[in-house]
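Trainee: Structure file input_29.txt (compact mmCIF, C-alpha atoms and all ligand atoms) right here:
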```
# COMPACT_ATOMS: atom_id res chain seq x y z
CA MET I 41 140.65 -99.30 173.81
CA GLY I 42 137.95 -101.61 172.45
CA LEU I 43 139.43 -102.05 168.98
CA LYS I 44 139.25 -104.93 166.55
CA VAL I 45 142.91 -105.85 166.11
CA ALA I 46 144.41 -108.39 163.70
CA LEU I 47 147.76 -109.74 164.88
CA THR I 48 149.80 -110.64 161.79
CA TYR I 49 152.74 -113.00 162.31
CA ASN I 50 154.89 -115.71 160.78
CA LEU I 51 155.10 -118.86 162.86
CA LYS I 52 158.44 -120.34 163.86
CA ARG I 53 158.89 -123.95 162.77
CA LYS I 54 161.53 -126.58 163.48
CA THR I 55 164.09 -127.13 160.74
CA GLY I 56 164.40 -130.83 161.74
CA ASN I 57 165.78 -132.92 158.87
CA THR I 58 164.77 -130.50 156.14
CA GLY I 59 168.37 -129.69 155.23
CA LEU I 60 167.70 -126.01 155.96
CA PRO I 61 170.25 -124.13 158.10
CA ASP I 62 169.53 -124.33 161.88
CA ASP I 63 168.83 -120.60 161.96
CA TYR I 64 166.36 -120.68 159.03
CA TYR I 65 163.22 -119.80 161.03
CA SER I 66 164.93 -117.74 163.74
CA GLU I 67 163.31 -114.45 162.82
CA PHE I 68 159.79 -115.93 163.07
CA ASP I 69 157.71 -116.03 166.26
CA SER I 70 156.72 -118.85 168.58
CA LYS I 71 153.14 -119.68 169.54
CA GLU I 72 153.96 -118.50 173.07
CA THR I 73 155.00 -115.04 171.84
CA ILE I 74 151.92 -114.70 169.63
CA GLU I 75 149.66 -115.74 172.51
CA ALA I 76 151.40 -113.37 174.92
CA ILE I 77 150.94 -110.41 172.57
CA ALA I 78 147.29 -111.31 171.97
CA SER I 79 146.65 -111.66 175.67
CA GLY I 80 148.30 -108.28 176.39
CA LEU I 81 146.12 -106.61 173.77
CA ARG I 82 142.99 -108.35 175.08
CA SER I 83 143.73 -107.05 178.57
CA GLY I 84 143.07 -103.59 177.10
CA GLY I 85 139.57 -104.62 176.04
CA ASN I 86 140.52 -105.21 172.40
CA GLU I 87 139.21 -108.05 170.28
CA VAL I 88 142.18 -109.88 168.74
CA PHE I 89 142.25 -112.03 165.60
CA LEU I 90 145.34 -114.15 164.90
CA VAL I 91 146.26 -113.95 161.22
CA GLU I 92 149.20 -115.93 159.89
CA ALA I 93 150.96 -113.92 157.20
CA ASP I 94 150.93 -116.57 154.50
CA LYS I 95 149.37 -116.68 151.04
CA GLY I 96 145.85 -116.40 152.50
CA LEU I 97 146.56 -112.97 154.01
CA LEU I 98 145.06 -110.84 151.27
CA ASN I 99 141.84 -112.87 151.27
CA TRP I 100 141.56 -112.67 155.04
CA PHE I 101 141.63 -108.88 154.99
CA GLN I 102 139.14 -108.75 152.16
CA ASP I 103 136.73 -110.95 154.12
CA ASN I 104 137.20 -109.40 157.59
CA LYS I 105 137.16 -105.81 158.81
CA VAL I 106 139.44 -104.66 161.63
CA ASP I 107 140.35 -101.25 163.05
CA ILE I 108 144.09 -101.80 163.03
CA VAL I 109 146.75 -104.48 162.57
CA PHE I 110 149.40 -105.28 165.18
CA ASN I 111 152.15 -106.42 162.84
CA ILE I 112 155.07 -108.64 163.81
CA ALA I 113 155.28 -110.56 160.51
CA GLU I 114 158.78 -110.79 159.10
CA GLY I 115 157.62 -111.75 155.61
CA LEU I 116 158.34 -114.82 153.55
CA ASN I 117 160.71 -114.38 150.64
CA GLY I 118 162.96 -111.86 149.00
CA GLU I 119 165.16 -108.94 149.86
CA SER I 120 162.32 -106.73 151.20
CA ARG I 121 160.29 -109.45 152.90
CA GLU I 122 159.65 -107.47 156.09
CA SER I 123 157.72 -104.95 153.98
CA GLN I 124 155.33 -107.45 152.47
CA VAL I 125 152.57 -107.27 155.08
CA PRO I 126 152.74 -103.45 155.40
CA ALA I 127 152.64 -103.16 151.58
CA ILE I 128 149.47 -105.27 151.43
CA LEU I 129 147.92 -103.26 154.28
CA ASP I 130 148.82 -99.94 152.64
CA PHE I 131 147.29 -101.24 149.41
CA LEU I 132 144.06 -102.05 151.25
CA GLY I 133 144.15 -98.86 153.35
CA ILE I 134 144.35 -100.66 156.70
CA PRO I 135 146.42 -99.03 159.48
CA TYR I 136 149.08 -101.00 161.32
CA THR I 137 151.58 -100.72 164.16
CA GLY I 138 155.24 -100.08 163.50
CA SER I 139 157.28 -98.81 160.62
CA GLY I 140 156.15 -98.70 157.03
CA VAL I 141 157.31 -100.27 153.80
CA LEU I 142 160.28 -98.02 153.17
CA ALA I 143 161.84 -98.18 156.65
CA LEU I 144 161.39 -101.96 156.80
CA SER I 145 163.00 -102.44 153.39
CA VAL I 146 165.95 -100.19 154.11
CA SER I 147 166.64 -101.60 157.56
CA LEU I 148 166.71 -105.15 156.21
CA ASN I 149 169.58 -104.06 154.00
CA LYS I 150 172.47 -103.37 156.36
CA THR I 151 174.58 -101.59 153.74
CA LEU I 152 171.81 -99.22 152.62
CA THR I 153 171.15 -98.51 156.29
CA LYS I 154 174.80 -97.62 156.82
CA LYS I 155 174.75 -95.30 153.82
CA LEU I 156 171.85 -93.41 155.39
CA PHE I 157 173.76 -93.30 158.68
CA GLU I 158 176.77 -91.82 156.90
CA GLY I 159 174.55 -89.22 155.25
CA ALA I 160 173.11 -88.25 158.62
CA GLY I 161 176.51 -88.10 160.35
CA ILE I 162 175.83 -91.17 162.52
CA PRO I 163 178.96 -93.19 163.34
CA THR I 164 178.98 -96.75 161.97
CA PRO I 165 181.88 -99.21 161.52
CA ARG I 166 183.87 -98.89 158.28
CA TYR I 167 182.74 -101.46 155.75
CA ARG I 168 182.67 -102.98 152.27
CA LEU I 169 179.80 -104.73 150.56
CA ILE I 170 180.98 -107.82 148.70
CA THR I 171 178.63 -108.70 145.88
CA ASP I 172 180.88 -111.17 144.04
CA PRO I 173 182.82 -113.83 145.98
CA ALA I 174 185.36 -113.80 143.14
CA VAL I 175 186.15 -110.11 143.81
CA ILE I 176 186.87 -109.65 147.50
CA SER I 177 188.37 -106.35 148.59
CA ASP I 178 189.50 -105.59 152.12
CA ASP I 179 191.23 -102.37 151.05
CA GLY I 180 191.34 -99.72 153.72
CA LEU I 181 189.81 -101.98 156.40
CA ARG I 182 191.61 -102.95 159.59
CA TYR I 183 191.39 -106.57 160.81
CA PRO I 184 189.72 -108.15 162.70
CA LEU I 185 186.65 -107.82 160.50
CA ILE I 186 183.19 -109.33 160.81
CA ALA I 187 181.45 -110.81 157.78
CA LYS I 188 177.64 -110.85 157.88
CA PRO I 189 174.84 -111.63 155.44
CA ASN I 190 173.73 -108.22 154.17
CA SER I 191 170.01 -108.85 154.59
CA GLU I 192 169.33 -110.91 157.68
CA GLY I 193 168.43 -110.40 161.33
CA SER I 194 168.08 -112.43 164.53
CA GLY I 195 171.78 -113.29 164.35
CA LYS I 196 171.27 -115.41 161.22
CA GLY I 197 174.62 -116.30 159.72
CA ILE I 198 176.55 -114.80 162.63
CA THR I 199 178.91 -117.24 164.34
CA MET I 200 182.29 -117.01 166.03
CA ALA I 201 183.80 -117.80 162.61
CA SER I 202 182.24 -114.60 161.24
CA VAL I 203 185.05 -112.65 162.92
CA VAL I 204 188.00 -112.96 160.57
CA ARG I 205 191.65 -112.12 161.06
CA ASN I 206 193.01 -112.28 157.51
CA LYS I 207 191.95 -112.43 153.89
CA THR I 208 191.90 -116.25 153.74
CA GLU I 209 189.34 -116.35 156.55
CA LEU I 210 187.40 -113.52 154.93
CA ILE I 211 187.15 -115.45 151.64
CA ARG I 212 185.88 -118.49 153.53
CA GLU I 213 183.11 -116.45 155.20
CA VAL I 214 182.07 -114.65 152.01
CA GLU I 215 181.77 -118.01 150.28
CA ARG I 216 179.73 -119.39 153.17
CA THR I 217 177.33 -116.44 153.05
CA ALA I 218 176.85 -116.87 149.31
CA ARG I 219 176.37 -120.64 149.63
CA VAL I 220 174.13 -120.84 152.72
CA TYR I 221 172.22 -117.55 152.54
CA GLN I 222 172.47 -116.80 148.79
CA GLN I 223 173.27 -113.18 149.38
CA ASP I 224 175.91 -110.46 149.50
CA THR I 225 178.30 -110.14 152.43
CA LEU I 226 178.71 -107.01 154.49
CA VAL I 227 182.24 -106.83 155.87
CA GLU I 228 182.76 -104.45 158.78
CA GLU I 229 185.59 -103.56 161.11
CA PHE I 230 184.99 -105.46 164.34
CA ILE I 231 184.54 -102.93 167.16
CA ASP I 232 186.00 -103.96 170.48
CA GLY I 233 183.84 -102.31 173.12
CA LYS I 234 180.53 -102.45 174.97
CA GLU I 235 177.55 -104.10 173.34
CA LEU I 236 174.48 -101.90 173.79
CA THR I 237 170.96 -101.86 172.46
CA VAL I 238 168.48 -99.02 172.75
CA GLY I 239 164.73 -99.52 172.76
CA ILE I 240 162.79 -96.61 171.28
CA LEU I 241 159.07 -96.18 171.79
CA GLY I 242 156.54 -93.54 170.73
CA ASN I 243 156.43 -90.72 168.24
CA TYR I 244 155.80 -87.17 169.43
CA PRO I 245 158.67 -87.37 170.24
CA ALA I 246 160.14 -90.85 169.97
CA ALA I 247 161.81 -91.61 173.29
CA ALA I 248 164.76 -93.82 174.17
CA MET I 249 164.19 -96.19 177.08
CA PRO I 250 167.05 -97.16 179.44
CA ILE I 251 170.02 -98.57 177.52
CA LEU I 252 170.57 -102.33 177.75
CA GLU I 253 174.17 -103.56 177.99
CA ILE I 254 174.89 -107.16 177.05
CA ASP I 255 177.99 -108.32 178.88
CA PHE I 256 179.70 -111.50 177.67
CA SER I 257 182.33 -111.75 180.43
CA ASN I 258 180.66 -114.88 181.86
CA CYS I 259 180.50 -116.66 178.48
CA LYS I 260 184.02 -118.08 178.66
CA ALA I 261 182.79 -121.69 178.84
CA SER I 262 181.33 -121.41 175.34
CA GLY I 263 183.99 -119.12 173.91
CA GLU I 264 181.22 -116.91 172.45
CA PHE I 265 182.29 -113.36 173.24
CA PHE I 266 179.73 -111.40 171.25
CA TYR I 267 176.04 -111.69 170.25
CA THR I 268 176.21 -114.68 167.88
CA TRP I 269 173.15 -116.58 166.66
CA LYS I 270 173.93 -119.32 169.17
CA VAL I 271 173.84 -116.91 172.12
CA LYS I 272 170.65 -115.23 170.82
CA GLU I 273 168.97 -118.61 170.36
CA PHE I 274 169.96 -120.23 173.66
CA GLU I 275 170.67 -117.42 176.14
CA LYS I 276 167.54 -117.99 178.20
CA GLU I 277 167.13 -121.71 177.53
CA VAL I 278 170.27 -123.45 178.70
CA GLU I 279 171.98 -123.58 182.08
CA GLU I 280 174.42 -120.76 182.73
CA SER I 281 177.38 -123.13 182.98
CA ARG I 282 177.27 -123.59 179.19
CA GLY I 283 178.42 -120.00 178.81
CA LEU I 284 175.61 -118.92 176.49
CA THR I 285 173.88 -116.66 179.01
CA PRO I 286 175.38 -113.17 178.99
CA ASN I 287 174.60 -110.71 181.76
CA TRP I 288 172.07 -108.06 180.95
CA HIS I 289 172.56 -104.68 182.62
CA CYS I 290 169.73 -102.21 182.26
CA PRO I 291 170.45 -99.38 182.57
CA ALA I 292 173.87 -99.99 181.07
CA ARG I 293 176.98 -99.31 183.12
CA LEU I 294 177.76 -95.99 181.47
CA SER I 295 178.54 -92.47 182.61
CA ALA I 296 175.73 -89.94 182.17
CA ALA I 297 177.66 -88.37 179.29
CA GLU I 298 178.15 -91.74 177.55
CA ALA I 299 174.47 -92.65 177.99
CA LYS I 300 173.46 -89.31 176.47
CA THR I 301 175.70 -89.80 173.43
CA VAL I 302 174.43 -93.35 172.91
CA LYS I 303 170.76 -92.37 173.17
CA GLU I 304 171.27 -89.45 170.79
CA ALA I 305 172.92 -91.72 168.23
CA ALA I 306 170.07 -94.25 168.58
CA LEU I 307 167.37 -91.61 168.09
CA LYS I 308 169.22 -90.15 165.11
CA ALA I 309 169.41 -93.63 163.56
CA PHE I 310 165.68 -94.20 164.19
CA ARG I 311 164.90 -90.93 162.40
CA ALA I 312 167.40 -91.49 159.58
CA ILE I 313 165.66 -94.74 158.60
CA GLY I 314 162.20 -93.20 158.97
CA CYS I 315 161.01 -95.49 161.77
CA VAL I 316 157.83 -94.94 163.75
CA ASP I 317 156.26 -96.34 166.95
CA LEU I 318 159.05 -98.69 168.07
CA SER I 319 162.51 -99.96 167.19
CA ARG I 320 165.65 -101.35 168.77
CA VAL I 321 168.96 -99.80 167.76
CA ASP I 322 172.13 -101.92 168.16
CA ILE I 323 175.27 -100.03 169.07
CA MET I 324 178.88 -100.91 169.89
CA LEU I 325 180.40 -98.28 172.15
CA GLY I 326 184.04 -98.32 171.06
CA LYS I 327 186.97 -97.91 173.43
CA ASP I 328 187.40 -94.54 171.66
CA GLY I 329 184.04 -93.45 173.14
CA VAL I 330 182.31 -93.48 169.74
CA PRO I 331 178.82 -95.07 169.60
CA TYR I 332 179.11 -97.11 166.38
CA VAL I 333 175.58 -97.88 165.23
CA LEU I 334 175.32 -101.35 163.69
CA GLU I 335 171.69 -101.43 162.65
CA VAL I 336 168.08 -100.55 163.42
CA ASN I 337 165.45 -103.24 164.12
CA PRO I 338 161.99 -101.79 163.42
CA LEU I 339 160.43 -105.21 164.18
CA PRO I 340 162.25 -105.98 167.44
CA GLY I 341 161.68 -109.42 168.96
CA LEU I 342 158.75 -109.42 171.39
CA ASP I 343 159.29 -112.81 173.05
CA PRO I 344 158.14 -112.22 176.64
CA VAL I 345 160.96 -114.37 178.04
CA ASP I 346 164.07 -113.77 175.99
CA SER I 347 163.70 -110.69 173.80
CA ASN I 348 165.63 -107.55 174.63
CA PHE I 349 162.87 -105.06 173.85
CA PRO I 350 160.28 -106.26 176.43
CA TYR I 351 163.08 -106.56 178.98
CA ILE I 352 164.10 -102.94 178.36
CA ALA I 353 160.46 -101.85 178.64
CA LYS I 354 160.20 -103.70 181.95
CA CYS I 355 163.23 -101.79 183.21
CA ALA I 356 161.43 -98.62 182.12
CA GLY I 357 158.44 -99.65 184.27
CA LEU I 358 156.21 -101.10 181.52
CA ASN I 359 155.20 -104.72 182.08
CA TYR I 360 154.58 -106.94 179.06
CA PRO I 361 150.80 -106.47 178.66
CA ASP I 362 151.20 -102.71 179.15
CA LEU I 363 153.93 -102.63 176.53
CA MET I 364 151.65 -104.33 174.00
CA LYS I 365 148.86 -101.84 174.75
CA ARG I 366 151.31 -98.95 174.53
CA ILE I 367 152.58 -100.05 171.09
CA LEU I 368 148.99 -100.18 169.87
CA GLU I 369 148.22 -96.82 171.45
CA VAL I 370 151.17 -94.99 169.88
CA ALA I 371 150.23 -96.40 166.47
CA VAL I 372 146.60 -95.31 166.89
CA GLU I 373 147.73 -91.83 167.96
CA ARG I 374 149.96 -91.59 164.92
CA HIS I 375 147.28 -92.74 162.49
CA ASN I 376 144.78 -90.33 164.02
CA LYS I 377 147.25 -87.49 163.79
CA ASN I 378 147.96 -88.29 160.16
CA LYS I 379 144.24 -88.42 159.51
CA LYS I 380 144.79 -91.65 157.60
CA MET I 381 142.55 -93.64 159.84
CA ALA I 382 138.79 -93.40 160.05
CA LEU I 383 138.35 -94.95 163.48
CA GLN I 384 134.82 -95.47 164.64
CA GLU I 385 133.85 -93.00 167.33
CA ARG I 386 133.61 -95.61 170.09
CA SER I 387 137.24 -96.59 169.59
CA LEU I 388 138.48 -93.04 170.09
CA ARG I 389 137.30 -92.96 173.70
N1 LIG I 401 181.08 -104.30 163.47
C1 LIG I 401 180.88 -105.02 164.55
N2 LIG I 401 181.72 -104.93 165.61
C2 LIG I 401 181.56 -105.68 166.73
N3 LIG I 401 180.54 -106.57 166.87
C3 LIG I 401 179.69 -106.70 165.85
C4 LIG I 401 179.79 -105.94 164.66
N4 LIG I 401 178.77 -106.29 163.84
C5 LIG I 401 178.07 -107.24 164.49
N5 LIG I 401 178.61 -107.49 165.70
C6 LIG I 401 178.15 -108.47 166.68
O1 LIG I 401 177.24 -109.37 166.04
C7 LIG I 401 175.92 -109.19 166.58
C8 LIG I 401 174.88 -109.31 165.50
O2 LIG I 401 175.09 -108.32 164.53
P1 LIG I 401 173.89 -107.53 163.87
O3 LIG I 401 173.16 -106.77 164.91
O4 LIG I 401 174.43 -106.76 162.73
O5 LIG I 401 173.03 -108.77 163.33
P2 LIG I 401 171.50 -109.12 163.30
O6 LIG I 401 171.39 -110.54 162.91
O7 LIG I 401 170.81 -108.14 162.42
O8 LIG I 401 171.00 -108.91 164.76
P3 LIG I 401 169.50 -108.80 165.34
O9 LIG I 401 169.29 -110.09 166.07
O10 LIG I 401 169.62 -107.66 166.27
O11 LIG I 401 168.55 -108.60 164.21
C9 LIG I 401 175.94 -107.82 167.25
O12 LIG I 401 174.95 -107.73 168.23
C10 LIG I 401 177.37 -107.80 167.80
O13 LIG I 401 177.51 -108.63 168.95
MG MG I 402 171.39 -106.73 165.77
```
What does the file become when written as structure tokens?
Ligand SMILES: Nc1ncnc2c1ncn2[C@@H]1O[C@H](COP(=O)(O)OP(=O)(O)OP(=O)(O)O)[C@@H](O)[C@H]1O
Ligand SMILES: [Mg+2]

Mentor:
Amino acid sequence: MGLKVALTYNLKRKTGNTGLPDDYYSEFDSKETIEAIASGLRSGGNEVFLVEADKGLLNWFQDNKVDIVFNIAEGLNGESRESQVPAILDFLGIPYTGSGVLALSVSLNKTLTKKLFEGAGIPTPRYRLITDPAVISDDGLRYPLIAKPNSEGSGKGITMASVVRNKTELIREVERTARVYQQDTLVEEFIDGKELTVGILGNYPAAAMPILEIDFSNCKASGEFFYTWKVKEFEKEVEESRGLTPNWHCPARLSAAEAKTVKEAALKAFRAIGCVDLSRVDIMLGKDGVPYVLEVNPLPGLDPVDSNFPYIAKCAGLNYPDLMKRILEVAVERHNKNKKMALQERSLR
């Protein structure tokens, strides 16, 4: 496409002996991922600038002109951190790939997301938000429940102990969330069923790629029977005998009718949150046939080796470099359509 593209990211670091939780940097990206994205974009004839989304970001964009930003930055601090880079770019009038400030803020808050799902008639597990560890209500909820930090991703805070069978265990998990993650706890009914995730790409219209099923039946050695942080972190790094490598089935082992219902729910969720360009929607297909939508990830992991989204794209026939170019292309199309982007003429060809 011949564009000048800034790739904005936050770099994953090792927690080492810092006293930070092991999962502290999990949402950030490795050098390998950043390089893989840059190389994919360069293969389309684009010039790519790597820009770490730290305190120097604003200055960088004041000193350098680009056509568009390829944004994977998760942000640094606070409850709407994923919106920080898009907010700065909106402020400066620079276009970027992926969802905007509002969708990124809402989707980082699992409870707000679920309220929008309810408003749009999208099934989601029954829940309570616990804002005060001294006032814990499980009224009207059926155990087992799962307790999760309300504003995290990448499996942060999600362990086998997050699934609780009684109020004593629930109190323990709520206290842990408050202590380790300094935030509210979302408590949901734990859905026993098939774990699915749906990659969505494009805009006019947004399209669901083949559904990915994550099957934990070969994880007995570790005892991890759902997508905990440990599985997410190690699934492609340790030998299978450790039981942290679930089977991925893409397309998922579903009937045509089930696949249709799941894709419809995913697309509805994408629209309810106001996502654009790309997202990954996590769904538990209950034994009752209901696709319970857990959350929407507008900044899905793009690790070329172990992220779900590039794997799904590969199953849809898009290799990694082509996926990167496609994400850029759909964002450019959208900005052009919205007439918010004054691309130079050469870049339109
Ligand atoms: N209500 C639920 N019922 C059954 N399993 C659940 C439920 N909520 C979460 N899980 C399990 O925990 C995993 C992580 O939950 P969730 O997707 O909410 O967290 P996350 O940290 O935002 O994930 P991501 O890495 O996708 O950002 C799910 O993929 C699923 O395996
Ligand atoms: Mg998830």

Trainee: Which residues come within 7 Å of segment 207-221 of chain I, counting only C-alpha atoms, excluding same-chain residues fewer than 2 positions away, as a PDB file with C-alpha atoms, in the coordinates of the input?

Mentor:
```pdb
ATOM      1  CA  PRO I 173     182.820-113.830 145.980  1.00  0.00           C
ATOM      2  CA  ALA I 187     181.450-110.810 157.780  1.00  0.00           C
ATOM      3  CA  PRO I 189     174.840-111.630 155.440  1.00  0.00           C
ATOM      4  CA  SER I 202     182.240-114.600 161.240  1.00  0.00           C
ATOM      5  CA  VAL I 204     188.000-112.960 160.570  1.00  0.00           C
ATOM      6  CA  ARG I 205     191.650-112.120 161.060  1.00  0.00           C
ATOM      7  CA  GLN I 223     173.270-113.180 149.380  1.00  0.00           C
ATOM      8  CA  ASP I 224     175.910-110.460 149.500  1.00  0.00           C
ATOM      9  CA  THR I 225     178.300-110.140 152.430  1.00  0.00           C
TER      10      THR I 225
END
```

Trainee: Which of these, I:Ser79, I:Asn86, I:Asn50, I:Ser319, has the shortest distance to ligand MG 402 (chain I) once you count all atoms listed in the file?

Mentor: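 Ranking I:Ser79, I:Asn86, I:Asn50, I:Ser319 by distance to ligand MG 402 (chain I), first place goes to I:Ser319.
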
Trainee: Up to 10 Å from (156.1, -86.8, 166.2) in the file's coordinates: name the residues, counting all atoms listed in the file, as a PDB file with C-alpha atoms, in the frame of the given file.

Mentor:
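What landed in point04.pdb:
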```pdb
ATOM      1  CA  GLY I 242     156.540 -93.540 170.730  1.00  0.00           C
ATOM      2  CA  ASN I 243     156.430 -90.720 168.240  1.00  0.00           C
ATOM      3  CA  TYR I 244     155.800 -87.170 169.430  1.00  0.00           C
ATOM      4  CA  PRO I 245     158.670 -87.370 170.240  1.00  0.00           C
ATOM      5  CA  ALA I 246     160.140 -90.850 169.970  1.00  0.00           C
ATOM      6  CA  VAL I 316     157.830 -94.940 163.750  1.00  0.00           C
ATOM      7  CA  ASP I 317     156.260 -96.340 166.950  1.00  0.00           C
ATOM      8  CA  GLU I 373     147.730 -91.830 167.960  1.00  0.00           C
ATOM      9  CA  ARG I 374     149.960 -91.590 164.920  1.00  0.00           C
ATOM     10  CA  LYS I 377     147.250 -87.490 163.790  1.00  0.00           C
TER      11      LYS I 377
END
```

Trainee: List as a list of chain:residue names the protein and nucleic acid residues near Leu284 of chain I, meaning an atom at most 10 Å away when all atoms listed in the file are counted, but skip any in the same chain fewer than 3 places from it.

Mentor: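 Once the nearby chain positions are removed, what remains is I:Phe256, I:Asn258, I:Cys259, I:Lys260, I:Ala261, I:Ser262, I:Gly263, I:Glu264, I:Phe265, I:Tyr267, I:Thr268, I:Lys270, I:Val271, I:Lys272, I:Glu273, I:Phe274, I:Glu275, I:Lys276, I:Glu277, I:Val278, I:Glu279, I:Glu280, I:Ser281, I:Asn287.
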
Trainee: Quick one: everything within 7 Å of Met324 of chain I, counting all atoms listed in the file, minus sequence neighbours fewer than 2 positions away in the same chain. Send it as an MDAnalysis selection string.

Mentor: chainID I and resid 231 233:236 326 331:333

Trainee: Go ahead and write the selection's residues with C-alpha atoms as a tab-separated table (two decimals), in the coordinates of the input.

Mentor:
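Dumped to selection_38.tsv:
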```tsv
chain	number	residue	atom	x	y	z
I	231	ILE	CA	184.54	-102.93	167.16
I	233	GLY	CA	183.84	-102.31	173.12
I	234	LYS	CA	180.53	-102.45	174.97
I	235	GLU	CA	177.55	-104.10	173.34
I	236	LEU	CA	174.48	-101.90	173.79
I	326	GLY	CA	184.04	-98.32	171.06
I	331	PRO	CA	178.82	-95.07	169.60
I	332	TYR	CA	179.11	-97.11	166.38
I	333	VAL	CA	175.58	-97.88	165.23
```

Trainee: Leaving out Gly115 of chain I and any residue of its chain fewer than 3 positions from it, which residues lie within 10 Å of it when counting all atoms listed in the file, given as a list in words?

Mentor: Tyr49, Asn50, Glu67, Phe68, Ala93, Asp94, Ile112, Gly118, Glu119, Ser120, Arg121, Glu122, Ser123, Gln124, Val125 and Pro126 of chain I

Trainee: Select from chain I every residue with an atom at most 7 Å from any atom of ligand LIG 401 (chain I), then for each give the shortest pair of atoms and their distance in Å to one decimal, using all atoms listed in the file, rows by chain and rising number, as a Markdown table.

Mentor:
```
| residue | atom | partner | partner_atom | distance |
| --- | --- | --- | --- | --- |
| I:Pro165 | CA | I:LIG401 | N1 | 5.5 |
| I:Ile186 | CA | I:LIG401 | N1 | 6.1 |
| I:Glu192 | CA | I:LIG401 | O6 | 5.6 |
| I:Gly193 | CA | I:LIG401 | O6 | 3.4 |
| I:Ser194 | CA | I:LIG401 | O9 | 3.1 |
| I:Gly195 | CA | I:LIG401 | O6 | 3.1 |
| I:Lys196 | CA | I:LIG401 | O6 | 5.2 |
| I:Ile198 | CA | I:LIG401 | C8 | 6.4 |
| I:Glu228 | CA | I:LIG401 | N1 | 5.0 |
| I:Glu229 | CA | I:LIG401 | N1 | 5.1 |
| I:Phe230 | CA | I:LIG401 | N2 | 3.5 |
| I:Ile231 | CA | I:LIG401 | N2 | 3.8 |
| I:Asp232 | CA | I:LIG401 | C2 | 6.1 |
| I:Glu235 | CA | I:LIG401 | O13 | 6.3 |
| I:Phe266 | CA | I:LIG401 | O13 | 4.2 |
| I:Tyr267 | CA | I:LIG401 | O13 | 3.6 |
| I:Thr268 | CA | I:LIG401 | C7 | 5.6 |
| I:Asp322 | CA | I:LIG401 | O3 | 5.9 |
| I:Met324 | CA | I:LIG401 | C2 | 6.3 |
| I:Leu334 | CA | I:LIG401 | O4 | 5.6 |
| I:Glu335 | CA | I:LIG401 | O3 | 6.0 |
| I:Asn337 | CA | I:LIG401 | O11 | 6.2 |
```

Trainee: For the selection just defined, write its residues with C-alpha atoms to a file, as a compact mmCIF listing (two decimals), in the frame of the given file.

Mentor:
```
# COMPACT_ATOMS: atom_id res chain seq x y z
CA PRO I 165 181.88 -99.21 161.52
CA ILE I 186 183.19 -109.33 160.81
CA GLU I 192 169.33 -110.91 157.68
CA GLY I 193 168.43 -110.40 161.33
CA SER I 194 168.08 -112.43 164.53
CA GLY I 195 171.78 -113.29 164.35
CA LYS I 196 171.27 -115.41 161.22
CA ILE I 198 176.55 -114.80 162.63
CA GLU I 228 182.76 -104.45 158.78
CA GLU I 229 185.59 -103.56 161.11
CA PHE I 230 184.99 -105.46 164.34
CA ILE I 231 184.54 -102.93 167.16
CA ASP I 232 186.00 -103.96 170.48
CA GLU I 235 177.55 -104.10 173.34
CA PHE I 266 179.73 -111.40 171.25
CA TYR I 267 176.04 -111.69 170.25
CA THR I 268 176.21 -114.68 167.88
CA ASP I 322 172.13 -101.92 168.16
CA MET I 324 178.88 -100.91 169.89
CA LEU I 334 175.32 -101.35 163.69
CA GLU I 335 171.69 -101.43 162.65
CA ASN I 337 165.45 -103.24 164.12
```

Trainee: Work out how far atom CA of Glu158 of chain I is from atom CA of Leu181 of chain I, in Å to one decimal.

Mentor: 16.5 Å

Trainee: Could you model N, CA and C atoms for segment 206-214 of chain I and present them as an mmCIF file, keeping the file's coordinate frame?

Mentor:
```cif
data_model
loop_
_atom_site.group_PDB
_atom_site.id
_atom_site.type_symbol
_atom_site.label_atom_id
_atom_site.label_comp_id
_atom_site.auth_asym_id
_atom_site.auth_seq_id
_atom_site.Cartn_x
_atom_site.Cartn_y
_atom_site.Cartn_z
ATOM 1 N N ASN I 206 192.202 -112.463 158.732
ATOM 2 C CA ASN I 206 193.010 -112.280 157.510
ATOM 3 C C ASN I 206 192.139 -112.562 156.290
ATOM 4 N N LYS I 207 192.746 -112.339 155.119
ATOM 5 C CA LYS I 207 191.950 -112.430 153.890
ATOM 6 C C LYS I 207 191.490 -113.867 153.605
ATOM 7 N N THR I 208 192.302 -114.848 153.983
ATOM 8 C CA THR I 208 191.900 -116.250 153.740
ATOM 9 C C THR I 208 190.605 -116.541 154.487
ATOM 10 N N GLU I 209 190.551 -116.111 155.757
ATOM 11 C CA GLU I 209 189.340 -116.350 156.550
ATOM 12 C C GLU I 209 188.159 -115.553 155.986
ATOM 13 N N LEU I 210 188.470 -114.362 155.507
ATOM 14 C CA LEU I 210 187.400 -113.520 154.930
ATOM 15 C C LEU I 210 186.781 -114.217 153.711
ATOM 16 N N ILE I 211 187.635 -114.756 152.853
ATOM 17 C CA ILE I 211 187.150 -115.450 151.640
ATOM 18 C C ILE I 211 186.247 -116.611 152.052
ATOM 19 N N ARG I 212 186.678 -117.345 153.057
ATOM 20 C CA ARG I 212 185.880 -118.490 153.530
ATOM 21 C C ARG I 212 184.481 -118.039 153.959
ATOM 22 N N GLU I 213 184.411 -116.928 154.689
ATOM 23 C CA GLU I 213 183.110 -116.450 155.200
ATOM 24 C C GLU I 213 182.225 -115.883 154.087
ATOM 25 N N VAL I 214 182.854 -115.196 153.142
ATOM 26 C CA VAL I 214 182.070 -114.650 152.010
ATOM 27 C C VAL I 214 181.469 -115.811 151.221
#
```
